Amino acid sequence: MRIATWNVNSIAARLPRLLAWLESAKPDVVCLQELKCATDAFPPEVRELGFEVAAYGLGRWNGVAILSRVGLEDVRRGLVDEPTFDDAAEPRAVGATCGGVRLWSVYVPNGREPGHPHYAYKLRWLEALRGTAVAESAADRPFAVLGDFNIAPTDEDVWDISLFTESTHVTEPERAALAALREAGLTDVVPRALKYDKPYTYWDYRQLAFPKNNGMRIDLVYANASFAGAVSDAYVDREERKGKGASDHAPVVVDLTL
DNA sequence: ATGACCCAAAACTTGGGA
């Protein structure tokens with residue numbers, strides 16, 4: 001089974017590339033983030049390719065989905081005890097069971113800057129993610145959380161750590177939240193880079209970040225032992241970051257032998 | 001080659017992204 005995660009930065013803007021990629025990469029399940037569309041506005045072309053879709057979006061911001069051609073059951077929108085921001089629920093998590101694998105597609109809050117209310121919200125949100133994972137990953141069933149975590153797990157996961165003082169994505173509390181997920185039994189499934197030595201998944205649109213390979217690894221696959229033990233390959237499809245009409249994130253592709 | 005940011009809303013700018 002081939003499972004992928006991709007922050008598409010607007011599914012409407014990315015639709016031609018997404019459809020072409022679904023046909024060429026042939027994933028069975030795809031976790032998407034930053035749809036930037038409402039649930040009802042999810043483009044029908046994806047279903048016409050043979051995918052069932054669990055979408056969760058409210059419009060301009062955020063939005064997540066799971067696409068599957070191996071079944072889509074027990075869809076859940078939102079985490080257990082999920083916090084709000086400015087008293088509003090945000091569409092950042094959707095769960096589903098696909099071909100016997102329990103999956104969550106997540107778009108972790110950015111945090112903006114340490115000390116900002118959005119940063120505290122990010123940490124609360126990650127605690128709710130941990131609680132949801134504990135509730136769902138105990139059994140033998142393969143389980144994974146895939147998505148844009150907005151955290152670089154180590155200093156090696158950014159191109160120049162010296163540029164990240166006073167920045168989110170690399171702070172100790174954010175990394176402690178990832179450690180808590182690992183302590184809950186999940187493993188960071190680190191993909192291969194298809195070029196250069198680091199498996200970055202995000203490169204800013206500005207300042208020639210992609211040609212310079214000034215990237216970050218922030219799109220992660222956190223899997224329980226049953227899922228992680230079945231991984232036969234994992235890689236970052238950096239070809240999708242190239243050219244006109246690219247997202248600023250590349251897909252992470254995981255192959256499982258179940 | 002991969003090339004100097006992109007997206008969507010109600011907009012002709014602005015907030016958000018990281």
# chains A, B, ... in the order shown; residues from 1 in each chain; ligands from 1
>>> interface_residues(of="chain A", to="chain B", cutoff="6 Å", atoms="only C-alpha atoms (C1' of nucleotides)", output="ChimeraX atom specification")
/A:60,205-208,211,242
>>> residues_around(residues="A:Phe85", least_positions_apart="2", cutoff="10 Å", atoms="only C-alpha atoms (C1' of nucleotides)", output="list of chain:residue names")
A:Pro83, A:Asp87, A:Ala88, A:Ala89, A:Glu90, A:Pro109, A:Pro117, A:His118, A:Ala120, A:Tyr121, A:Lys122, A:Trp125
>>> select_by_dssp(residues="stretch 88-131 of chain A", states="helix (DSSP H, G or I)", output="PyMOL selection string")
chain A and resi 117-131
>>> write_last_selection(atoms="N, CA and C atoms", output="tab-separated table (two decimals), in the first residue's frame")
chain	number	residue	atom	x	y	z
A	117	PRO	N	-0.14	34.22	21.12
A	117	PRO	CA	-1.22	33.29	21.52
A	117	PRO	C	-1.33	32.07	20.60
A	118	HIS	N	-0.95	32.24	19.34
A	118	HIS	CA	-1.01	31.12	18.41
A	118	HIS	C	0.01	30.03	18.76
A	119	TYR	N	1.10	30.44	19.40
A	119	TYR	CA	2.12	29.47	19.82
A	119	TYR	C	1.59	28.62	20.97
A	120	ALA	N	0.94	29.26	21.94
A	120	ALA	CA	0.33	28.50	23.04
A	120	ALA	C	-0.76	27.56	22.49
A	121	TYR	N	-1.51	28.07	21.54
A	121	TYR	CA	-2.53	27.25	20.88
A	121	TYR	C	-1.90	26.05	20.19
A	122	LYS	N	-0.77	26.25	19.53
A	122	LYS	CA	-0.05	25.16	18.87
A	122	LYS	C	0.29	24.05	19.87
A	123	LEU	N	0.80	24.44	21.03
A	123	LEU	CA	1.20	23.44	22.03
A	123	LEU	C	-0.02	22.72	22.60
A	124	ARG	N	-1.11	23.46	22.82
A	124	ARG	CA	-2.34	22.81	23.30
A	124	ARG	C	-2.87	21.84	22.25
A	125	TRP	N	-2.79	22.26	21.01
A	125	TRP	CA	-3.29	21.43	19.91
A	125	TRP	C	-2.49	20.12	19.82
A	126	LEU	N	-1.17	20.25	20.00
A	126	LEU	CA	-0.31	19.06	19.95
A	126	LEU	C	-0.61	18.11	21.11
A	127	GLU	N	-1.00	18.65	22.26
A	127	GLU	CA	-1.38	17.78	23.38
A	127	GLU	C	-2.68	17.02	23.04
A	128	ALA	N	-3.60	17.70	22.36
A	128	ALA	CA	-4.82	17.02	21.93
A	128	ALA	C	-4.50	15.95	20.89
A	129	LEU	N	-3.52	16.21	20.05
A	129	LEU	CA	-3.10	15.21	19.06
A	129	LEU	C	-2.53	13.98	19.78
A	130	ARG	N	-1.73	14.22	20.81
A	130	ARG	CA	-1.17	13.11	21.58
A	130	ARG	C	-2.29	12.29	22.20
A	131	GLY	N	-3.27	12.98	22.79
A	131	GLY	CA	-4.39	12.26	23.41
A	131	GLY	C	-5.16	11.43	22.41
>>> residues_around(residues="stretch 150-165 of chain A", least_positions_apart="3", cutoff="7 Å", atoms="only C-alpha atoms (C1' of nucleotides)", output="PyMOL selection string")
chain A and resi 108+110+169-170+174-175+200+214-218
>>> residues_around(residues="stretch 55-59 of chain A", least_positions_apart="5", cutoff="12 Å", atoms="only C-alpha atoms (C1' of nucleotides)", output="mmCIF file with N, CA, C and O atoms (P, O5', C5', C4', C3', O3' and C1' of nucleotides), in the first residue's frame")
data_model
loop_
_atom_site.group_PDB
_atom_site.id
_atom_site.type_symbol
_atom_site.label_atom_id
_atom_site.label_comp_id
_atom_site.auth_asym_id
_atom_site.auth_seq_id
_atom_site.Cartn_x
_atom_site.Cartn_y
_atom_site.Cartn_z
ATOM 1 N N SER A 10 -3.584 25.194 -1.085
ATOM 2 C CA SER A 10 -4.784 25.434 -1.911
ATOM 3 C C SER A 10 -5.003 24.322 -2.921
ATOM 4 O O SER A 10 -4.255 24.190 -3.897
ATOM 5 N N ILE A 11 -6.034 23.545 -2.688
ATOM 6 C CA ILE A 11 -6.315 22.444 -3.624
ATOM 7 C C ILE A 11 -6.832 22.982 -4.952
ATOM 8 O O ILE A 11 -6.605 22.372 -6.000
ATOM 9 N N ALA A 12 -7.480 24.153 -4.932
ATOM 10 C CA ALA A 12 -7.948 24.725 -6.203
ATOM 11 C C ALA A 12 -6.772 25.141 -7.068
ATOM 12 O O ALA A 12 -6.718 24.849 -8.265
ATOM 13 N N VAL A 30 -4.006 9.292 0.279
ATOM 14 C CA VAL A 30 -3.285 10.568 0.327
ATOM 15 C C VAL A 30 -3.886 11.445 1.418
ATOM 16 O O VAL A 30 -5.103 11.684 1.443
ATOM 17 N N CYS A 31 -3.023 11.933 2.315
ATOM 18 C CA CYS A 31 -3.419 12.911 3.315
ATOM 19 C C CYS A 31 -3.036 14.293 2.789
ATOM 20 O O CYS A 31 -1.871 14.528 2.456
ATOM 21 N N LEU A 32 -4.008 15.173 2.696
ATOM 22 C CA LEU A 32 -3.767 16.526 2.192
ATOM 23 C C LEU A 32 -3.947 17.542 3.308
ATOM 24 O O LEU A 32 -4.770 17.352 4.203
ATOM 25 N N GLN A 33 -3.192 18.647 3.204
ATOM 26 C CA GLN A 33 -3.339 19.759 4.137
ATOM 27 C C GLN A 33 -3.357 21.083 3.365
ATOM 28 O O GLN A 33 -2.884 21.166 2.254
ATOM 29 N N GLU A 34 -3.883 22.089 4.069
ATOM 30 C CA GLU A 34 -4.066 23.425 3.499
ATOM 31 C C GLU A 34 -4.884 23.381 2.207
ATOM 32 O O GLU A 34 -4.473 23.874 1.157
ATOM 33 N N LEU A 35 -6.059 22.783 2.326
ATOM 34 C CA LEU A 35 -6.974 22.776 1.179
ATOM 35 C C LEU A 35 -7.378 24.190 0.788
ATOM 36 O O LEU A 35 -7.579 24.481 -0.397
ATOM 37 N N LYS A 36 -7.581 25.049 1.798
ATOM 38 C CA LYS A 36 -8.088 26.408 1.560
ATOM 39 C C LYS A 36 -9.400 26.389 0.767
ATOM 40 O O LYS A 36 -9.610 27.209 -0.140
ATOM 41 N N CYS A 37 -10.234 25.415 1.090
ATOM 42 C CA CYS A 37 -11.582 25.388 0.497
ATOM 43 C C CYS A 37 -12.547 24.785 1.511
ATOM 44 O O CYS A 37 -12.130 24.129 2.461
ATOM 45 N N ALA A 38 -13.822 25.054 1.319
ATOM 46 C CA ALA A 38 -14.842 24.475 2.181
ATOM 47 C C ALA A 38 -15.065 23.012 1.821
ATOM 48 O O ALA A 38 -14.780 22.590 0.699
ATOM 49 N N THR A 39 -15.573 22.241 2.782
ATOM 50 C CA THR A 39 -15.817 20.813 2.551
ATOM 51 C C THR A 39 -16.610 20.589 1.266
ATOM 52 O O THR A 39 -16.252 19.750 0.438
ATOM 53 N N ASP A 40 -17.678 21.369 1.098
ATOM 54 C CA ASP A 40 -18.550 21.165 -0.063
ATOM 55 C C ASP A 40 -17.913 21.610 -1.373
ATOM 56 O O ASP A 40 -18.418 21.282 -2.455
ATOM 57 N N ALA A 41 -16.833 22.391 -1.285
ATOM 58 C CA ALA A 41 -16.175 22.893 -2.498
ATOM 59 C C ALA A 41 -15.011 22.012 -2.927
ATOM 60 O O ALA A 41 -14.294 22.353 -3.884
ATOM 61 N N PHE A 42 -14.847 20.868 -2.256
ATOM 62 C CA PHE A 42 -13.746 19.971 -2.644
ATOM 63 C C PHE A 42 -13.928 19.562 -4.105
ATOM 64 O O PHE A 42 -15.007 19.133 -4.505
ATOM 65 N N PRO A 43 -12.884 19.670 -4.923
ATOM 66 C CA PRO A 43 -13.058 19.452 -6.367
ATOM 67 C C PRO A 43 -13.483 18.025 -6.715
ATOM 68 O O PRO A 43 -12.838 17.062 -6.290
ATOM 69 N N PRO A 44 -14.559 17.877 -7.482
ATOM 70 C CA PRO A 44 -15.082 16.542 -7.820
ATOM 71 C C PRO A 44 -14.125 15.716 -8.686
ATOM 72 O O PRO A 44 -14.255 14.494 -8.745
ATOM 73 N N VAL A 46 -11.249 14.751 -8.159
ATOM 74 C CA VAL A 46 -10.494 13.753 -7.392
ATOM 75 C C VAL A 46 -11.308 12.468 -7.258
ATOM 76 O O VAL A 46 -10.790 11.358 -7.434
ATOM 77 N N ARG A 47 -12.603 12.618 -6.969
ATOM 78 C CA ARG A 47 -13.458 11.426 -6.864
ATOM 79 C C ARG A 47 -13.594 10.735 -8.218
ATOM 80 O O ARG A 47 -13.677 9.510 -8.296
ATOM 81 N N VAL A 64 -8.171 20.051 5.661
ATOM 82 C CA VAL A 64 -7.461 18.785 5.513
ATOM 83 C C VAL A 64 -8.369 17.761 4.839
ATOM 84 O O VAL A 64 -9.596 17.917 4.830
ATOM 85 N N ALA A 65 -7.754 16.713 4.313
ATOM 86 C CA ALA A 65 -8.544 15.663 3.668
ATOM 87 C C ALA A 65 -7.763 14.356 3.673
ATOM 88 O O ALA A 65 -6.532 14.346 3.810
ATOM 89 N N ILE A 66 -8.519 13.259 3.545
ATOM 90 C CA ILE A 66 -7.927 11.952 3.267
ATOM 91 C C ILE A 66 -8.603 11.415 2.006
ATOM 92 O O ILE A 66 -9.830 11.390 1.917
ATOM 93 N N LEU A 67 -7.788 11.043 1.037
ATOM 94 C CA LEU A 67 -8.269 10.415 -0.195
ATOM 95 C C LEU A 67 -7.893 8.943 -0.129
ATOM 96 O O LEU A 67 -6.790 8.609 0.279
ATOM 97 N N SER A 68 -8.801 8.083 -0.560
ATOM 98 C CA SER A 68 -8.476 6.655 -0.506
ATOM 99 C C SER A 68 -9.132 5.879 -1.631
ATOM 100 O O SER A 68 -10.296 6.132 -1.965
ATOM 101 N N LEU A 72 -12.736 3.764 2.975
ATOM 102 C CA LEU A 72 -12.681 4.970 3.822
ATOM 103 C C LEU A 72 -13.789 4.835 4.851
ATOM 104 O O LEU A 72 -14.962 5.048 4.549
ATOM 105 N N VAL A 75 -14.813 7.896 9.594
ATOM 106 C CA VAL A 75 -14.264 9.247 9.435
ATOM 107 C C VAL A 75 -14.566 10.090 10.679
ATOM 108 O O VAL A 75 -15.692 10.084 11.191
ATOM 109 N N ARG A 76 -13.540 10.777 11.136
ATOM 110 C CA ARG A 76 -13.712 11.660 12.294
ATOM 111 C C ARG A 76 -13.092 13.015 11.965
ATOM 112 O O ARG A 76 -11.949 13.086 11.510
ATOM 113 N N ARG A 77 -13.834 14.072 12.205
ATOM 114 C CA ARG A 77 -13.341 15.434 11.948
ATOM 115 C C ARG A 77 -13.028 16.123 13.262
ATOM 116 O O ARG A 77 -13.911 16.281 14.099
ATOM 117 N N GLY A 78 -11.764 16.507 13.449
ATOM 118 C CA GLY A 78 -11.342 17.156 14.690
ATOM 119 C C GLY A 78 -10.789 16.143 15.678
ATOM 120 O O GLY A 78 -11.167 14.967 15.688
ATOM 121 N N ALA A 88 -12.845 29.737 17.939
ATOM 122 C CA ALA A 88 -13.322 29.086 16.718
ATOM 123 C C ALA A 88 -12.592 27.762 16.515
ATOM 124 O O ALA A 88 -11.375 27.677 16.695
ATOM 125 N N ALA A 89 -13.361 26.728 16.158
ATOM 126 C CA ALA A 89 -12.753 25.461 15.769
ATOM 127 C C ALA A 89 -12.173 25.614 14.367
ATOM 128 O O ALA A 89 -12.787 26.233 13.491
ATOM 129 N N GLU A 90 -10.982 25.073 14.163
ATOM 130 C CA GLU A 90 -10.334 25.167 12.856
ATOM 131 C C GLU A 90 -10.191 23.772 12.245
ATOM 132 O O GLU A 90 -9.903 22.806 12.958
ATOM 133 N N PRO A 91 -10.377 23.659 10.938
ATOM 134 C CA PRO A 91 -10.295 22.345 10.299
ATOM 135 C C PRO A 91 -8.847 21.932 10.066
ATOM 136 O O PRO A 91 -8.259 22.205 9.017
ATOM 137 N N ARG A 92 -8.272 21.256 11.061
ATOM 138 C CA ARG A 92 -6.858 20.899 11.012
ATOM 139 C C ARG A 92 -6.604 19.407 11.158
ATOM 140 O O ARG A 92 -5.432 18.989 11.129
ATOM 141 N N ALA A 93 -7.626 18.614 11.363
ATOM 142 C CA ALA A 93 -7.404 17.180 11.562
ATOM 143 C C ALA A 93 -8.602 16.398 11.058
ATOM 144 O O ALA A 93 -9.745 16.746 11.364
ATOM 145 N N VAL A 94 -8.323 15.349 10.306
ATOM 146 C CA VAL A 94 -9.368 14.411 9.898
ATOM 147 C C VAL A 94 -8.778 13.005 9.959
ATOM 148 O O VAL A 94 -7.631 12.788 9.559
ATOM 149 N N GLY A 95 -9.561 12.096 10.529
ATOM 150 C CA GLY A 95 -9.113 10.714 10.663
ATOM 151 C C GLY A 95 -10.002 9.779 9.870
ATOM 152 O O GLY A 95 -11.189 10.064 9.673
ATOM 153 N N ALA A 96 -9.430 8.668 9.419
ATOM 154 C CA ALA A 96 -10.212 7.654 8.712
ATOM 155 C C ALA A 96 -9.438 6.340 8.718
ATOM 156 O O ALA A 96 -8.219 6.328 8.902
ATOM 157 N N TRP A 104 -4.524 9.676 10.356
ATOM 158 C CA TRP A 104 -4.944 11.058 10.578
ATOM 159 C C TRP A 104 -4.138 11.966 9.669
ATOM 160 O O TRP A 104 -2.913 11.841 9.566
ATOM 161 N N SER A 105 -4.829 12.873 9.006
ATOM 162 C CA SER A 105 -4.186 13.940 8.233
ATOM 163 C C SER A 105 -4.272 15.205 9.065
ATOM 164 O O SER A 105 -5.369 15.641 9.414
ATOM 165 N N VAL A 106 -3.112 15.776 9.387
ATOM 166 C CA VAL A 106 -3.106 16.918 10.319
ATOM 167 C C VAL A 106 -2.344 18.115 9.755
ATOM 168 O O VAL A 106 -1.342 17.970 9.055
ATOM 169 N N TYR A 107 -2.865 19.276 10.104
ATOM 170 C CA TYR A 107 -2.187 20.539 9.804
ATOM 171 C C TYR A 107 -2.016 21.278 11.128
ATOM 172 O O TYR A 107 -2.910 21.972 11.592
ATOM 173 P P DC B 7 -0.291 30.374 -6.246
ATOM 174 O "O5'" DC B 7 -1.397 30.557 -5.121
ATOM 175 C "C5'" DC B 7 -1.545 29.581 -4.104
ATOM 176 C "C4'" DC B 7 -2.472 30.111 -3.043
ATOM 177 C "C3'" DC B 7 -3.748 30.708 -3.619
ATOM 178 O "O3'" DC B 7 -4.806 29.774 -3.472
ATOM 179 C "C1'" DC B 7 -2.828 32.045 -1.858
ATOM 180 P P DA B 8 -6.167 30.066 -4.217
ATOM 181 O "O5'" DA B 8 -6.999 30.853 -3.115
ATOM 182 C "C5'" DA B 8 -7.272 30.226 -1.868
ATOM 183 C "C4'" DA B 8 -8.015 31.198 -0.970
ATOM 184 C "C3'" DA B 8 -9.296 31.756 -1.604
ATOM 185 O "O3'" DA B 8 -10.310 31.816 -0.627
ATOM 186 C "C1'" DA B 8 -7.822 33.536 -1.092
ATOM 187 P P DA B 9 -11.832 31.965 -0.986
ATOM 188 O "O5'" DA B 9 -12.198 33.349 -0.280
ATOM 189 C "C5'" DA B 9 -12.094 33.447 1.134
ATOM 190 C "C4'" DA B 9 -11.971 34.895 1.558
ATOM 191 C "C3'" DA B 9 -13.142 35.788 1.100
ATOM 192 O "O3'" DA B 9 -13.543 36.628 2.167
ATOM 193 C "C1'" DA B 9 -11.105 36.736 0.423
#
>>> select_by_dssp(residues="stretch 163-255 of chain A", states="strand (DSSP E or B)", output="VMD selection string")
chain A and resid 187 to 188 192 202 to 203 215 to 216 219 to 223 231 to 236 249 252 to 255
>>> residues_around(residues="A:Ser247", least_positions_apart="5", cutoff="7 Å", atoms="only C-alpha atoms (C1' of nucleotides)", output="ChimeraX atom specification")
/A:8-9,241
>>> write_last_selection(atoms="all heavy atoms", output="short mmCIF file (atom, residue, chain, number, x, y, z; two decimals), in the first residue's frame")
data_model
loop_
_atom_site.label_atom_id
_atom_site.label_comp_id
_atom_site.auth_asym_id
_atom_site.auth_seq_id
_atom_site.Cartn_x
_atom_site.Cartn_y
_atom_site.Cartn_z
N VAL A 8 -0.77 20.97 0.08
CA VAL A 8 -0.91 21.43 -1.31
C VAL A 8 -1.02 22.96 -1.43
O VAL A 8 -0.96 23.49 -2.53
CB VAL A 8 -2.11 20.77 -2.02
CG1 VAL A 8 -1.84 19.31 -2.27
CG2 VAL A 8 -3.40 20.98 -1.23
N ASN A 9 -1.19 23.66 -0.30
CA ASN A 9 -1.30 25.13 -0.35
C ASN A 9 -2.36 25.57 -1.37
O ASN A 9 -2.04 26.21 -2.36
CB ASN A 9 0.05 25.78 -0.65
CG ASN A 9 0.00 27.30 -0.55
OD1 ASN A 9 -0.92 27.86 0.06
ND2 ASN A 9 0.98 27.97 -1.14
N ARG A 241 8.07 19.88 -6.22
CA ARG A 241 8.36 21.26 -5.77
C ARG A 241 8.88 22.11 -6.93
O ARG A 241 9.00 23.33 -6.81
CB ARG A 241 9.37 21.23 -4.61
CG ARG A 241 9.72 22.59 -4.00
CD ARG A 241 8.53 23.31 -3.43
NE ARG A 241 8.87 24.64 -2.90
CZ ARG A 241 9.02 25.73 -3.66
NH1 ARG A 241 8.87 25.63 -4.97
NH2 ARG A 241 9.32 26.88 -3.11
#
>>> residues_around(residues="A:Ala228", least_positions_apart="3", cutoff="12 Å", atoms="only C-alpha atoms (C1' of nucleotides)", output="ChimeraX atom specification")
/A:101,140-145,185-191,221-225,231-234,254-258
>>> atom_distance(atom1="atom CA of A:Ser167", atom2="atom CA of A:Thr132")
27.2 Å
